[in-house]
Amino acid sequence: MEKLDQVFVHLKAAIVHLAGSFLPDWLVVIISILIPIVGIAMFGPVTMMYLTLIERKLLARIQNRLGPNRVGKFGLLQPLADGVKMLTKEDVVPTNADKIAHFLAPILIVIPALLVFAVIPFGRNMIAIDLNIGVLFFLAISATTTIFIFTAAWGSRNKFSLLGGMRSVAQMISYEIPFVLSAVPVFLITGTFSTAHIVEAQPGLHWFVWTPWGFVGFLIFFLCGVAECNRTPFDLPEAESEIIAGFHTEYSGMKFALFYMAEFMNVFTVSGLVVTLYLGGWQGPFLPSWIWFLIKTYVLILIMMWFRGTFPRVRIDQLMNFAWKFLLPLSLVNILATGVWYYLRAPLNFLISGLIVVIGFSFLMFVNRHSLPKKRIYRYA
Amino acid sequence: MDVLTLIAKFGIYFIFAFTLSAALLSVTVQNIFHAALGLAFALMGVAGVFFVLHADFLGAIQILLYVGAIMILLIFAVMLTSHIGDASVHTSNRQVYPAMILSLLLVYLLVRQIGKVTWQLKETLTSIDAVEIGKQLMGPYVLPFEIISVVLVVALIGTIVIARSDS
């Protein structure tokens with residue numbers, strides 16, 4: 001079990017050792033730097049390819065269809081066929097487009113999506129670089145995505161693209177605030193930004209999600225993460241039925257695929273960060289650490305896809321109300337509950353911090369009762 | 001290890017060159033959106049310099065605040081200007097030469113003053129983590145910190161008051 005747990009770490013050590021036997025020292029250093037980079041650069045796109053397949057299969061099952069099942073067994077080779085199609089497709093650039101912005105946006109948008117993989121701890125000792133500001137690095141880098149989405153929208157010179165870009169900027173700015181604030185309780189308890197240390201602070205099954213503040217923080221963080229990835233029910237920037245896919249309306253072929261790649265890699269990394277902060281990262285009994293991490297991350301990804309299959313898209317006012325009137329105050333209340341938890345003893349802290357969270361939640365629900373969607377009764381359906 | 005030092009030096013100079021050329025691009029380009037994009041790259045380059053100098057926290061904050069927030073505001077401002085797509089936005093006028101003389105004078109003064117300071121060079125770069133910065137902010141520098149917070153809150157409330165034009 002110990003061997004299986006550290007198999008990738010040993011693999012890297014073996015490669016470095018092998019290289020060290022006949023190569024000069026400086027080249028060995030470069031190789032040991034390149035190994036995690038190459039690993040991530042391969043893992044990210046492959047994950048994206050198969051996430052598209054999983055999503056199509058799952059949505060198909062939810063809608064009582066079969067999904068792709070012609071290319072390979074269970075459609076397992078479908079992503080490869082899609083890739084070939086994307087690469088050989090004609091690259092259409094609108095006549096009036098801003099050529100530079102239109103060309104740069106799909107390339108640039110992949111960079112932050114790949115960079116944030118660096119601070120995700122995939123398993124015990126399996127992190128590309130253990131920055132002491134890990135989570136902050138993640139939040140900062142993922143915040144730059146907005147600019148590139150807007151570049152794409154503006155470069156296309158298309159009304160619908162521009163509308164999508166505007167929506168994206170408004171949405172991401174609004175959800176950034178509860179996103180960051182709902183991560184604060186974890187920093188309060190662990191006293192560090194480092195993702196590796198945060199995981200080590202949740203040994204065994206003592207994940208933060210089992211505490212009152214952790215549960216609320218997890219829900220807020222996950223919902224904001226879904227919104228940051230522009231996924232249903234928060235997919236207003238690329239609403240197919242209203243603004244014809246928003247900021248990537250004017251993209252075709254590989255450029256379009258790059259937007260999808262960035263989106264799915266963001267889905268993976270955001271789920272990975274939620275798992276790291278609240279679900280104990282790679283901690284768990286029996287199984288090797290990296291398997292635990294992948295299981296938890298994929299469960300969250302499947303929940304996101306389940307959202308997409310079942311929820312209707314929210315309206316822009318509902319979206320903004322949800323962020324500013326509900327998530328933001330609730331995350332502030334949650335920080336208070338965490339402070340109380342930190343300073344009280346074992347049975348009492350659970351009670352009082354739970355009470356604060358429950359009262360805060362009910363109060364916010366009461367205050368927001370007018371903005372809640374009405375329950376509809378369909379009499380003839 | 002000489003080759004590694006060389007590569008590191010090359011990388012640092014690449015970041016410097018990238019930052020400076022992006023900054024130059026942002027003030028010379030005619031298209032206003034390209035200028036904004038250039039500014040974003042220049043700010044990211046500055047963050048890169050912070051990372052190279054082991055000021056991780058400062059680098060992350062630089063990206064989070066300047067690229068993530070202020071650039072978005074700037075782009076919104078660009079959106080609201082007319083002639084957004086015009087390639088003929090004037091980026092200079094008759095005051096360009098006096099302004100150049102003044103700014104060169106300022107650069108000269110700054111460089112001279114910086115040159116006068118005797119910098120203490122340490123053997124190794126030590127990174128100061130966020131915990132230490134937090135302790136400093138809550139300890140010796142608590143008064144400036146609180147004053148800045150109050151100023152920001154006042155600014156925030158002022159913005160909301162201005163934006164609420166209906167009542």
# chains A, B, ... in the order shown; residues from 1 in each chain; ligands from 1
>>> closest_atom_pairs(of="chain A", to="chain B", cutoff="6 Å", atoms="only C-alpha atoms", output="Markdown table")
| residue | atom | partner | partner_atom | distance |
| --- | --- | --- | --- | --- |
| A:Trp26 | CA | B:Met1 | CA | 5.7 |
| A:Phe137 | CA | B:Ala60 | CA | 5.5 |
| A:Ala140 | CA | B:Leu64 | CA | 4.4 |
| A:Ala143 | CA | B:Gly68 | CA | 5.1 |
| A:Thr144 | CA | B:Gly68 | CA | 5.3 |
>>> write_last_selection(atoms="N, CA and C atoms", output="short mmCIF file (atom, residue, chain, number, x, y, z; two decimals), in the first residue's frame")
data_model
loop_
_atom_site.label_atom_id
_atom_site.label_comp_id
_atom_site.auth_asym_id
_atom_site.auth_seq_id
_atom_site.Cartn_x
_atom_site.Cartn_y
_atom_site.Cartn_z
N TRP A 26 23.45 20.16 -14.10
CA TRP A 26 22.46 21.20 -14.41
C TRP A 26 21.31 20.65 -15.23
N PHE A 137 -2.41 32.06 -4.64
CA PHE A 137 -1.92 31.94 -6.02
C PHE A 137 -3.03 31.43 -6.93
N ALA A 140 -5.65 34.16 -7.41
CA ALA A 140 -5.15 35.27 -8.22
C ALA A 140 -5.09 34.86 -9.69
N ALA A 143 -8.36 34.49 -11.38
CA ALA A 143 -9.07 35.75 -11.58
C ALA A 143 -8.71 36.39 -12.92
N THR A 144 -7.55 36.03 -13.49
CA THR A 144 -7.15 36.66 -14.75
C THR A 144 -7.96 36.12 -15.93
#
>>> atom_distance(atom1="CA of Gly75 in chain A", atom2="CA of Leu58 in chain A")
12.6 Å
>>> residues_around(residues="Tyr175 in chain A", least_positions_apart="4", cutoff="10 Å", atoms="only C-alpha atoms", output="list in words")
Ala170, Gln171, Phe179, Val180, Phe221, Leu223, Cys224, Gly225, Val226, Ala227, Glu228, Leu319, Met320, Phe322, Ala323, Trp324, Leu327 and Leu328 of chain A
>>> atom_distance(atom1="CA of Pro79 in chain A", atom2="CA of Leu53 in chain A")
6.5 Å
>>> closest_residue(among="A:Phe307, A:Trp282, A:Phe247, A:Tyr378", to="Ala196 in chain A", atoms="only C-alpha atoms")
A:Trp282
>>> closest_residue(among="A:Tyr342, A:Ala14, A:Ile149, A:Leu115", to="Thr190 in chain A", atoms="only C-alpha atoms")
A:Tyr342
>>> closest_residue(among="A:Phe160, A:Glu250, A:Pro312, A:Val209", to="Asp235 in chain A", atoms="only C-alpha atoms")
A:Pro312
>>> closest_residue(among="A:Phe286, A:Gln63, A:Ile198, A:Ala262", to="Phe148 in chain A", atoms="only C-alpha atoms")
A:Ala262
>>> residues_around(residues="Ile100 in chain A", least_positions_apart="3", cutoff="8 Å", atoms="only C-alpha atoms", output="number ranges by chain")
A: 103-104, 155
>>> select_by_dssp(residues="range 78-242 of chain A", states="alpha helix (DSSP H)", output="number ranges by chain")
A: 78-88, 99-115, 134-143, 145-155, 159-181, 184-190, 195-200, 212-228, 240-242
>>> atom_distance(atom1="CA of Asp317 in chain A", atom2="CA of Leu163 in chain A")
15.2 Å
>>> closest_residue(among="A:Lys296, A:Val186, A:Leu348, A:Gln318", to="Leu236 in chain A", atoms="only C-alpha atoms")
A:Gln318
>>> residues_around(residues="range 358-363 of chain A", least_positions_apart="2", cutoff="12 Å", atoms="only C-alpha atoms", output="number ranges by chain")
A: 212-213, 215-216, 220, 325-337, 350-356, 365-369
>>> residues_around(residues="Val29 in chain A", least_positions_apart="2", cutoff="10 Å", atoms="only C-alpha atoms", output="list in words")
Val16, Ala19, Gly20, Pro24, Asp25, Trp26, Leu27, Ile31, Ser32, Ile33 and Leu34 of chain A; Met1 and Leu4 of chain B
>>> write_last_selection(atoms="N, CA and C atoms", output="PDB file, in the first residue's frame")
ATOM      1  N   VAL A  16      14.915  10.773 -12.278  1.00  0.00           N
ATOM      2  CA  VAL A  16      15.983  11.716 -11.953  1.00  0.00           C
ATOM      3  C   VAL A  16      17.276  10.952 -11.680  1.00  0.00           C
ATOM      4  N   ALA A  19      18.686   9.718 -14.942  1.00  0.00           N
ATOM      5  CA  ALA A  19      19.281  10.817 -15.698  1.00  0.00           C
ATOM      6  C   ALA A  19      20.595  11.240 -15.055  1.00  0.00           C
ATOM      7  N   GLY A  20      20.642  11.160 -13.711  1.00  0.00           N
ATOM      8  CA  GLY A  20      21.838  11.598 -12.996  1.00  0.00           C
ATOM      9  C   GLY A  20      23.052  10.738 -13.275  1.00  0.00           C
ATOM     10  N   PRO A  24      25.003  15.733 -17.093  1.00  0.00           N
ATOM     11  CA  PRO A  24      25.566  16.727 -16.164  1.00  0.00           C
ATOM     12  C   PRO A  24      24.527  17.213 -15.158  1.00  0.00           C
ATOM     13  N   ASP A  25      25.008  17.768 -14.044  1.00  0.00           N
ATOM     14  CA  ASP A  25      24.138  18.145 -12.930  1.00  0.00           C
ATOM     15  C   ASP A  25      23.049  19.130 -13.328  1.00  0.00           C
ATOM     16  N   TRP A  26      23.451  20.160 -14.103  1.00  0.00           N
ATOM     17  CA  TRP A  26      22.464  21.201 -14.405  1.00  0.00           C
ATOM     18  C   TRP A  26      21.311  20.652 -15.231  1.00  0.00           C
ATOM     19  N   LEU A  27      21.613  19.685 -16.095  1.00  0.00           N
ATOM     20  CA  LEU A  27      20.553  19.097 -16.911  1.00  0.00           C
ATOM     21  C   LEU A  27      19.603  18.276 -16.044  1.00  0.00           C
ATOM     22  N   ILE A  31      15.688  18.611 -15.669  1.00  0.00           N
ATOM     23  CA  ILE A  31      14.778  17.469 -15.886  1.00  0.00           C
ATOM     24  C   ILE A  31      13.834  17.319 -14.704  1.00  0.00           C
ATOM     25  N   SER A  32      14.364  17.471 -13.474  1.00  0.00           N
ATOM     26  CA  SER A  32      13.496  17.292 -12.303  1.00  0.00           C
ATOM     27  C   SER A  32      12.470  18.408 -12.223  1.00  0.00           C
ATOM     28  N   ILE A  33      12.788  19.580 -12.810  1.00  0.00           N
ATOM     29  CA  ILE A  33      11.770  20.649 -12.871  1.00  0.00           C
ATOM     30  C   ILE A  33      10.735  20.310 -13.938  1.00  0.00           C
ATOM     31  N   LEU A  34      11.221  19.737 -15.050  1.00  0.00           N
ATOM     32  CA  LEU A  34      10.332  19.508 -16.194  1.00  0.00           C
ATOM     33  C   LEU A  34       9.346  18.371 -15.956  1.00  0.00           C
TER      34      LEU A  34
ATOM     35  N   MET B   1      26.893  24.213 -12.010  1.00  0.00           N
ATOM     36  CA  MET B   1      25.696  25.032 -11.740  1.00  0.00           C
ATOM     37  C   MET B   1      25.734  26.351 -12.506  1.00  0.00           C
ATOM     38  N   LEU B   4      22.886  26.844 -14.933  1.00  0.00           N
ATOM     39  CA  LEU B   4      21.598  27.172 -14.306  1.00  0.00           C
ATOM     40  C   LEU B   4      21.516  28.649 -13.992  1.00  0.00           C
TER      41      LEU B   4
END
>>> residues_around(residues="Lys57 in chain A", least_positions_apart="5", cutoff="10 Å", atoms="only C-alpha atoms", output="ChimeraX atom specification")
/A:51-52,62-63,65-69,74-75
